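Coordinates as given in structure18.txt (compact mmCIF, C-alpha atoms):
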```txt
# COMPACT_ATOMS: atom_id res chain seq x y z
CA MET A 163 84.70 82.67 92.82
CA ASP A 164 86.09 81.39 96.10
CA ILE A 165 86.47 84.55 98.23
CA GLY A 166 88.30 84.67 101.54
CA ILE A 167 88.25 87.55 104.04
CA PHE A 168 90.86 87.81 106.76
CA GLN A 169 89.47 89.56 109.84
CA GLN A 170 92.62 90.62 111.68
CA ASP A 171 92.91 91.23 115.39
CA ILE A 172 94.41 94.70 115.07
CA SER A 173 96.64 94.20 118.12
CA ARG A 174 98.46 91.34 116.33
CA HIS A 175 100.69 91.06 113.22
CA LEU A 176 101.92 94.65 113.63
CA LEU A 177 105.26 94.26 111.81
CA LEU A 178 105.37 94.07 108.01
CA GLU A 179 107.14 90.72 108.19
CA GLU A 180 104.40 89.35 110.45
CA LYS A 181 101.69 90.54 108.07
CA LEU A 182 103.37 88.90 105.09
CA ARG A 183 103.87 85.68 107.04
CA LYS A 184 100.19 85.65 108.01
CA VAL A 185 99.05 86.19 104.43
CA GLU A 186 101.27 83.38 103.20
CA ASN A 187 100.04 81.01 105.91
CA ILE A 188 96.45 81.76 104.92
CA LEU A 189 97.24 80.97 101.29
CA ILE A 190 99.06 77.76 102.22
CA GLU A 191 96.11 76.57 104.30
CA ASN A 192 93.52 77.76 101.75
CA HIS A 193 95.30 76.94 98.51
CA ASP A 194 92.13 77.04 96.38
CA LEU A 195 91.12 80.64 97.15
CA ASN A 196 90.59 82.88 94.13
CA LEU A 197 90.55 86.15 96.08
CA LEU A 198 91.79 87.19 99.52
CA LEU A 199 90.44 90.49 100.89
CA LEU A 200 92.26 92.23 103.77
CA PRO A 201 91.08 95.19 105.93
CA GLU A 202 91.51 98.93 105.44
CA LEU A 203 95.14 100.11 105.74
CA PHE A 204 96.25 96.51 106.32
CA LEU A 205 99.88 97.36 105.52
CA SER A 206 100.12 99.95 108.31
CA SER A 207 97.11 98.89 110.42
CA TYR A 208 94.44 101.48 111.14
CA ALA A 209 96.56 103.07 113.85
CA THR A 210 97.63 106.52 115.02
CA GLU A 211 98.73 109.34 112.75
CA ASP A 212 102.34 109.11 113.95
CA TYR A 213 102.45 105.37 113.37
CA ILE A 214 101.17 105.62 109.80
CA LYS A 215 103.56 108.48 109.02
CA LYS A 216 106.48 106.20 109.89
CA ILE A 217 105.66 103.90 106.95
CA THR A 218 108.17 104.78 104.23
CA PHE A 219 107.86 104.64 100.46
CA ASN A 220 110.53 101.90 100.38
CA GLU A 221 108.57 99.80 102.89
CA ILE A 222 105.41 100.17 100.80
CA CYS A 223 107.29 99.10 97.65
CA LEU A 224 108.90 96.14 99.42
CA PHE A 225 105.54 95.00 100.80
CA GLN A 226 103.94 95.23 97.37
CA LYS A 227 106.82 93.27 95.83
CA GLU A 228 106.32 90.45 98.32
CA ILE A 229 102.52 90.47 97.91
CA LEU A 230 102.98 90.25 94.13
CA LYS A 231 105.16 87.17 94.64
CA LEU A 232 102.55 85.54 96.89
CA SER A 233 99.73 86.24 94.44
CA ASN A 234 101.73 84.59 91.69
CA GLN A 235 102.99 81.66 93.75
CA TYR A 236 99.55 80.75 95.13
CA SER A 237 97.45 81.81 92.09
CA CYS A 238 95.25 84.06 94.21
CA ALA A 239 94.22 87.68 93.80
CA ILE A 240 95.07 89.68 96.93
CA ALA A 241 93.35 92.94 97.91
CA TYR A 242 94.99 94.94 100.70
CA GLY A 243 94.66 98.43 102.10
CA TYR A 244 97.73 100.63 102.42
CA PRO A 245 98.82 104.28 102.87
CA GLU A 246 99.80 105.11 99.29
CA LEU A 247 102.46 107.78 98.83
CA GLU A 248 102.77 109.94 95.72
CA LYS A 249 105.23 112.83 95.96
CA ASP A 250 104.01 114.90 98.93
CA LEU A 251 100.55 113.32 99.05
CA ARG A 252 99.28 110.34 100.98
CA PHE A 253 96.12 108.39 100.12
CA ASN A 254 94.06 105.78 101.93
CA SER A 255 94.16 103.19 99.15
CA LEU A 256 93.29 99.64 98.17
CA ASN A 257 95.67 97.69 95.93
CA ILE A 258 94.66 94.49 94.15
CA VAL A 259 97.20 92.17 92.59
CA LYS A 260 96.82 88.92 90.67
CA SER A 261 99.32 86.54 89.08
CA GLY A 262 102.20 88.81 90.04
CA LYS A 263 100.68 91.95 88.48
CA GLN A 264 98.74 94.92 89.79
CA VAL A 265 95.19 94.92 88.40
CA PHE A 266 93.52 97.75 90.35
CA ASN A 267 94.23 100.60 92.74
CA HIS A 268 91.57 102.72 94.42
CA ARG A 269 92.07 105.88 96.46
CA LYS A 270 89.41 106.68 99.05
CA THR A 271 87.27 109.52 97.71
CA VAL A 272 85.41 110.50 100.90
CA LEU A 273 87.08 110.81 104.29
CA PRO A 274 85.11 110.29 107.52
CA PRO A 275 84.96 112.90 110.32
CA SER A 276 88.19 111.52 111.75
CA ILE A 277 91.01 113.86 112.72
CA MET A 278 93.55 111.16 111.93
CA GLU A 279 92.34 110.57 108.38
CA LYS A 280 91.77 114.23 107.57
CA ASN A 281 95.28 115.14 108.77
CA LEU A 282 96.92 112.31 106.85
CA PHE A 283 95.13 111.68 103.59
CA SER A 284 94.31 113.47 100.37
CA LEU A 285 91.16 112.58 98.45
CA GLY A 286 90.97 110.22 95.53
CA THR A 287 89.00 111.63 92.61
CA ASN A 288 87.27 108.74 90.87
CA LEU A 289 85.66 105.32 91.00
CA SER A 290 86.73 102.65 88.54
CA LEU A 291 86.00 99.06 87.54
CA PHE A 292 88.08 95.97 86.94
CA GLU A 293 87.54 92.29 86.17
CA LEU A 294 88.49 89.20 88.14
CA ASP A 295 87.83 85.82 86.53
CA GLY A 296 85.21 87.38 84.26
CA VAL A 297 83.37 89.12 87.14
CA LYS A 298 82.98 92.90 86.95
CA CYS A 299 84.23 94.34 90.25
CA SER A 300 84.94 97.59 92.05
CA ALA A 301 85.84 98.74 95.55
CA LEU A 302 84.79 101.26 98.18
CA ILE A 303 86.78 101.89 101.34
CA CYS A 304 84.90 102.00 104.66
CA TYR A 305 83.05 105.37 104.87
CA GLU A 306 82.59 105.53 101.08
CA PHE A 307 80.28 102.53 101.24
CA GLU A 308 77.97 104.38 103.64
CA PHE A 309 76.89 106.67 100.80
CA PRO A 310 74.05 104.91 98.94
CA GLU A 311 74.75 107.03 95.86
CA LEU A 312 78.21 105.52 95.41
CA VAL A 313 77.01 101.93 95.66
CA ARG A 314 74.14 102.71 93.25
CA LYS A 315 76.53 104.36 90.78
CA LEU A 316 78.69 101.23 90.68
CA ALA A 317 75.70 98.89 90.43
CA LYS A 318 74.27 100.86 87.51
CA ALA A 319 77.66 100.58 85.80
CA GLY A 320 77.23 96.79 85.86
CA VAL A 321 79.38 95.90 88.86
CA GLN A 322 78.62 92.44 90.30
CA LEU A 323 81.01 92.45 93.26
CA ILE A 324 82.10 95.35 95.47
CA LEU A 325 85.06 94.87 97.81
CA ILE A 326 84.86 96.92 101.01
CA PRO A 327 87.93 96.99 103.29
CA THR A 328 87.02 98.80 106.48
CA ALA A 329 88.01 99.73 110.04
CA LEU A 330 84.63 99.83 111.77
CA SER A 331 84.33 100.44 115.49
CA GLU A 332 81.90 98.89 117.95
CA GLU A 333 79.98 102.17 118.04
CA PHE A 334 78.82 101.72 114.44
CA LYS A 335 78.26 97.96 114.35
CA PHE A 336 74.90 98.43 112.59
CA VAL A 337 76.81 99.50 109.45
CA SER A 338 78.32 96.03 109.03
CA GLN A 339 75.00 94.37 109.73
CA ASP A 340 71.86 96.25 108.67
CA MET A 341 73.42 98.72 106.26
CA LEU A 342 75.53 96.11 104.49
CA ARG A 343 72.54 93.84 103.88
CA THR A 344 70.37 96.76 102.75
CA ARG A 345 72.96 98.05 100.26
CA ALA A 346 73.28 94.58 98.73
CA PHE A 347 69.49 94.12 98.50
CA GLU A 348 68.61 97.50 97.03
CA ASN A 349 71.36 97.28 94.38
CA GLN A 350 71.31 93.52 93.68
CA VAL A 351 75.08 93.21 94.05
CA ILE A 352 77.37 91.01 96.13
CA LEU A 353 79.34 92.80 98.85
CA ALA A 354 82.52 91.53 100.53
CA TYR A 355 83.26 93.44 103.75
CA ALA A 356 86.59 93.04 105.59
CA ASN A 357 86.90 94.58 109.07
CA TYR A 358 89.27 94.40 112.04
CA THR A 359 88.54 93.04 115.47
CA GLY A 360 90.24 93.75 118.80
CA SER A 361 91.58 97.03 120.19
CA LEU A 362 94.48 99.36 119.42
CA ASP A 363 95.26 102.89 120.60
CA GLY A 364 91.88 103.22 122.30
CA GLN A 365 89.91 102.06 119.25
CA ASN A 366 87.66 99.02 119.57
CA PHE A 367 86.78 97.25 116.32
CA CYS A 368 83.62 95.18 115.99
CA GLY A 369 84.54 92.41 113.56
CA GLN A 370 81.42 91.23 111.70
CA SER A 371 83.22 90.85 108.36
CA ALA A 372 80.86 89.28 105.85
CA ILE A 373 79.99 88.32 102.30
CA VAL A 374 76.38 89.27 101.50
CA ASN A 375 74.48 88.15 98.41
CA ALA A 376 72.30 90.17 96.04
CA LYS A 377 69.20 89.29 98.10
CA GLY A 378 70.68 90.93 101.19
CA GLU A 379 71.42 87.58 102.85
CA ASP A 380 74.61 86.64 104.66
CA LEU A 381 76.54 83.98 102.78
CA VAL A 382 79.10 83.95 105.57
CA ARG A 383 79.75 86.23 108.55
CA ALA A 384 82.51 86.46 111.15
CA ASP A 385 82.00 87.06 114.84
CA ASN A 386 84.34 89.34 116.84
CA THR A 387 87.46 87.13 116.86
CA GLU A 388 90.38 86.96 114.45
CA GLN A 389 89.52 84.51 111.69
CA LEU A 390 89.37 83.76 108.00
CA ILE A 391 85.91 83.44 106.50
CA ARG A 392 85.36 82.17 102.98
CA TYR A 393 82.59 81.37 100.53
CA ASN A 394 82.49 80.09 96.97
CA VAL A 395 80.25 82.74 95.40
CA THR A 396 78.14 82.08 92.31
CA PHE A 397 77.36 85.20 90.30
CA GLU A 398 73.87 85.11 88.78
CA ASP A 399 72.23 87.36 86.21
CA GLN A 400 70.19 89.98 88.08
CA THR A 401 67.94 91.02 85.17
CA GLN A 402 64.82 89.29 86.49
CA ARG A 403 65.35 90.57 90.03
CA ARG A 404 65.75 94.11 88.72
CA GLU A 405 62.51 93.76 86.76
CA ARG A 406 60.77 92.50 89.89
CA LEU A 407 62.40 95.25 92.03
CA PRO A 408 62.96 98.09 89.52
CA TYR A 409 64.73 100.49 91.89
CA PHE A 410 67.09 101.78 89.21
CA LYS A 411 64.33 102.60 86.73
CA ASP A 412 61.75 103.99 89.15
CA TYR A 413 64.20 106.28 90.96
CA ILE A 414 64.52 108.65 88.00
CA ASN A 415 60.77 109.34 88.09
CA LEU A 416 60.81 110.61 91.65
CA LYS A 417 60.64 114.38 92.06
CA VAL A 418 60.63 116.72 95.02
CA GLU A 419 58.12 119.57 94.87
CA ASP A 420 58.82 122.86 96.62
CA ARG A 421 55.52 124.06 98.04
```
Translate this structure into structure tokens?
Amino acid sequence: MDIGIFQQDISRHLLLEEKLRKVENILIENHDLNLLLLPELFLSSYATEDYIKKITFNEICLFQKEILKLSNQYSCAIAYGYPELEKDLRFNSLNIVKSGKQVFNHRKTVLPPSIMEKNLFSLGTNLSLFELDGVKCSALICYEFEFPELVRKLAKAGVQLILIPTALSEEFKFVSQDMLRTRAFENQVILAYANYTGSLDGQNFCGQSAIVNAKGEDLVRADNTEQLIRYNVTFEDQTQRRERLPYFKDYINLKVEDR
């Protein structure tokens, strides 16, 4: 699966029309991509509470309509973050479309200690799986991925690829480096991590988007500039690795004694 990750400079492409134009230009220049992953809240940008509140239901629907067209025209699955609206609720969500149809939608189930997110978003209630080109996939949004239990739950359900749109600041750069590699290694899954770079509204984003293999090795990694990274990922059977490193099996035998 040829996976591309667009690491956006968050100070650029602020209008919906500019975002759509950028996505189309990426697909024109990379016409053989199978999947394009975009950062957390790509539709609105990970901006201020007031800015995100201005995004209307009609704008969200129009953006999705255009993304559906692009996915069909360029035969590429597109995964983008957006502020999903349902009645009086708003969710920090990831939408994935392919061949002009929606194939997956995930609502963030754990919100970070951020006043902006806690004021804006309701919680999603479940994790789910989907398939792309025969590969079993799922998604976690930013802070969700930092819980080892959630990654382990998906890995034990047979997931081979986890998509992780994020908005990670410079302060927590180790998450995109050490934690990302560790999560991939200990669960024998491939992780695709899409972050922002640049600064907006006093927030500095660290870049470091990456695709990491099941051995915890970088297949490709961005620096701290706006760019597209891509890698043609081969998905291998992990049975032998999980016999050699039986984390899943041995974990259930561990007990804590209260002395």
Under the rule of at most 10 Å, produce a per-residue listing of stretch 268-373 of chain A near stretch 224-246 of chain A: chain, number, name, the closest pair of atoms, and the distance in Å, as JSON lines, using all atoms listed in the file.
```
{"residue": "A:His268", "atom": "CA", "partner": "A:Gly243", "partner_atom": "CA", "distance": 9.3}
{"residue": "A:Arg269", "atom": "CA", "partner": "A:Glu246", "partner_atom": "CA", "distance": 8.3}
{"residue": "A:Leu282", "atom": "CA", "partner": "A:Pro245", "partner_atom": "CA", "distance": 9.2}
{"residue": "A:Phe283", "atom": "CA", "partner": "A:Pro245", "partner_atom": "CA", "distance": 8.3}
{"residue": "A:Leu294", "atom": "CA", "partner": "A:Ala239", "partner_atom": "CA", "distance": 8.2}
{"residue": "A:Asp295", "atom": "CA", "partner": "A:Ala239", "partner_atom": "CA", "distance": 9.9}
{"residue": "A:Ala301", "atom": "CA", "partner": "A:Ala241", "partner_atom": "CA", "distance": 9.8}
{"residue": "A:Ile303", "atom": "CA", "partner": "A:Gly243", "partner_atom": "CA", "distance": 8.6}
{"residue": "A:Leu325", "atom": "CA", "partner": "A:Ala241", "partner_atom": "CA", "distance": 8.5}
{"residue": "A:Ile326", "atom": "CA", "partner": "A:Ala241", "partner_atom": "CA", "distance": 9.9}
{"residue": "A:Pro327", "atom": "CA", "partner": "A:Gly243", "partner_atom": "CA", "distance": 7.0}
{"residue": "A:Thr328", "atom": "CA", "partner": "A:Gly243", "partner_atom": "CA", "distance": 8.8}
{"residue": "A:Ala356", "atom": "CA", "partner": "A:Tyr242", "partner_atom": "CA", "distance": 9.9}
```
Between atom CA of A:His175 and atom CA of A:Glu191 - distance in Å to one decimal: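 Computed distance, atom CA of A:Glu191 to atom CA of A:His175, equals 17.6 Å.
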Selected residue, from A:Ile222, A:Ile277, A:Leu198, A:Cys299, that lies nearest to A:Phe397 when counting all atoms listed in the file: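 Selected residue with least distance to A:Phe397: A:Cys299.
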Distance in Å - atom CA of A:Leu342 versus atom CA of A:Leu285: 23.5 Å
Radius query 12 Å about (77.9, 84.4, 93.5), atoms used: all atoms listed in the file, as a PyMOL selection string: chain A and resi 163-165+297-298+322-324+350-354+373-377+379-381+393-400
Nearest residue to A:Phe334 from the set A:Cys304, A:Asp363, A:Leu407, A:Ala346 (distances using only C-alpha atoms): A:Cys304
For atom CA of A:Arg404 and atom CA of A:Gln370, the interatomic separation in Å (one decimal):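 According to the coordinates, atom CA of A:Arg404 and atom CA of A:Gln370 are separated by 28.0 Å.
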A:Arg345 surroundings by all atoms listed in the file, 8 Å radius, close-in-sequence under 4 positions cut, as a list in words: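 That gives Pro310, Val313, Met341, Asn349 and Gly378 of chain A.
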